[in-house]
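Student: After the structure tokens below, expect a handful of questions from me.
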Amino acid sequence: RRRSNFSKSYLLSFVNLIEIMKLAVAAVLAGSAAAFAPAQVGKATTAINAFESELGAQPPLGFFDPLGLLTDADQEKFDRLRYVELKHGRVCQLAFLGQIVTRNGIHLPGDIDYSGHSFESYPNGLAAVFGDAAIPQAGLIQLFLFVGALELGVMKDVTGEAEFPGDFRNGALDFGWDSFDEETKLSKRAIELNNGRAAMMGILGLMVHEKLNEIDMVADLPIIGALH
């Protein structure tokens with residue numbers, strides 16, 4: 001049975017790898033096609049150059065757009081992509097921190113439901129959401145509704161006072177932001193952007209290592225340890 005599970009997991013991983021390779025090839029072909037369209041060369045170059053000095057285009061990579069998402073893009077599209085990048089980065093920073101905290105044995109006190117199941121009785125990571133030992137379906141629905149409420153009514157520019165994409169202060173939160181000069185503001189925004197990018201790679205790596213554990217490829221990671 002163990003050998004069967006290993007073979008099944010390996011086959012699924014191989015199939016997923018093939019699908020990723022297909023998408024990568026498609027992206028390369030699409031990029032190549034765009035590159036050889038003479039009528040668009042000047043326009044695309046002008047559009048890309050307009051964003052080479054934007055926040056986030058910094059050493060060591062500089063302006064980095066391998067998928068060509070900013071080809072022929074205007075400022076509105078760039079701001080939308082920057083907003084999405086910031087949001088994903090913030091979520092991943094919370095997710096990575098959550099992994100570190102819970103895998104060090106720190107959980108919320110009390111029970112998660114009226115049946116007496118404590119928070120610490122559930123597994124960490126993906127296993128807390130998927131699998132036989134996952135939290136109850138009603139709990140997942142509550143999480144979904146809570147995140148949806150934040151997305152639609154809270155974590156957005158409600159008052160229209162945002163200074164930049166991702167500014168959700170809405171005239172209520174400040175934490176001394178208005179006392180900073182422009183250089184300090186840009187520095188802090190760049191730090192958040194970089195931390196978010198690192199967290200996106202970090203949480204993805206933890207998710208991959210957690211699934212590798214299912215095929216007996218356990219990695220003993222710093223701080224977190226083995227992802228059982």
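All residue names refer to the structure tokens as shown: chains lettered A, B, ... in order, residues numbered from 1 in each chain, ligands numbered from 1 in order.
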Contacts of segment 197-203 of chain A at 9 Å or less, counting only C-alpha atoms, minus same-chain residues fewer than 4 places along, as a list in words?

Tutor: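 Skipping anything fewer than 4 positions along the chain leaves Glu85, Leu86, His88, Gly89, Arg90, Val91, Cys92, Gln93, Leu94, Ala95, Phe96, Gln99, Glu192, Leu193, Met207 and Val208 of chain A.
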
Student: Taking 2 positions as the minimum chain separation for residues in the same chain, which residues sit within 10 Å of Pro123 of chain A when counting only C-alpha atoms? Answer as number ranges by chain.

Tutor: A: 102-103, 119-121, 125-129, 131, 133-135, 228

Student: Using atom CA of Gly166 of chain A and atom CA of Lys87 of chain A as the two end points, give the distance in Å to one decimal.

Tutor: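 Going from atom CA of Gly166 of chain A over to atom CA of Lys87 of chain A, I get 7.2 Å.
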
Student: Calculated over only C-alpha atoms, which of the candidates A:Tyr114, A:Leu186, A:Ala149, A:Asn195 has the smallest distance to Leu97 of chain A?

Tutor: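 For Leu97 of chain A, the nearest of the given residues is A:Asn195.
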
Student: Give me the residues near Ala172 of chain A as a list in words, where near means some atom within 12 Å (using only C-alpha atoms) and where sequence neighbours in that chain fewer than 5 positions away do not count.

Tutor: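 The filter keeps Val154, Asp157, Val158, Thr159, Glu161, Ala162, Asp167 and Trp177 of chain A.
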
Student: With N, CA, C and O atoms retained, could you export that selection as a short mmCIF file (atom, residue, chain, number, x, y, z; two decimals), in the first residue's frame?

Tutor:
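The resulting part-v2.cif:
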```cif
data_model
loop_
_atom_site.label_atom_id
_atom_site.label_comp_id
_atom_site.auth_asym_id
_atom_site.auth_seq_id
_atom_site.Cartn_x
_atom_site.Cartn_y
_atom_site.Cartn_z
N VAL A 154 -13.36 46.09 3.69
CA VAL A 154 -12.39 46.66 4.61
C VAL A 154 -11.04 46.93 3.93
O VAL A 154 -10.56 48.07 3.94
N ASP A 157 -9.54 50.84 -0.72
CA ASP A 157 -9.58 52.30 -0.58
C ASP A 157 -11.04 52.74 -0.56
O ASP A 157 -11.63 53.02 -1.59
N VAL A 158 -11.61 52.81 0.63
CA VAL A 158 -13.03 53.13 0.77
C VAL A 158 -13.29 54.62 0.58
O VAL A 158 -14.25 55.03 -0.06
N THR A 159 -12.42 55.46 1.14
CA THR A 159 -12.64 56.91 1.14
C THR A 159 -12.08 57.61 -0.09
O THR A 159 -12.35 58.80 -0.29
N GLU A 161 -8.90 58.27 -0.53
CA GLU A 161 -7.77 59.09 -0.09
C GLU A 161 -6.42 58.41 -0.28
O GLU A 161 -5.40 58.93 0.18
N ALA A 162 -6.38 57.27 -0.95
CA ALA A 162 -5.14 56.51 -1.09
C ALA A 162 -4.08 57.30 -1.85
O ALA A 162 -4.37 57.93 -2.87
N ASP A 167 -2.76 51.45 -0.44
CA ASP A 167 -2.90 52.35 0.71
C ASP A 167 -4.33 52.22 1.24
O ASP A 167 -5.27 52.76 0.66
N TRP A 177 2.73 57.95 9.38
CA TRP A 177 3.10 57.95 7.95
C TRP A 177 3.22 59.37 7.40
O TRP A 177 4.14 59.68 6.65
#
```

Student: With only C-alpha atoms as the atoms that count, which of A:Leu152, A:Leu69, A:Phe168, A:Gln142 lies nearest to Leu81 of chain A?

Tutor: A:Leu69
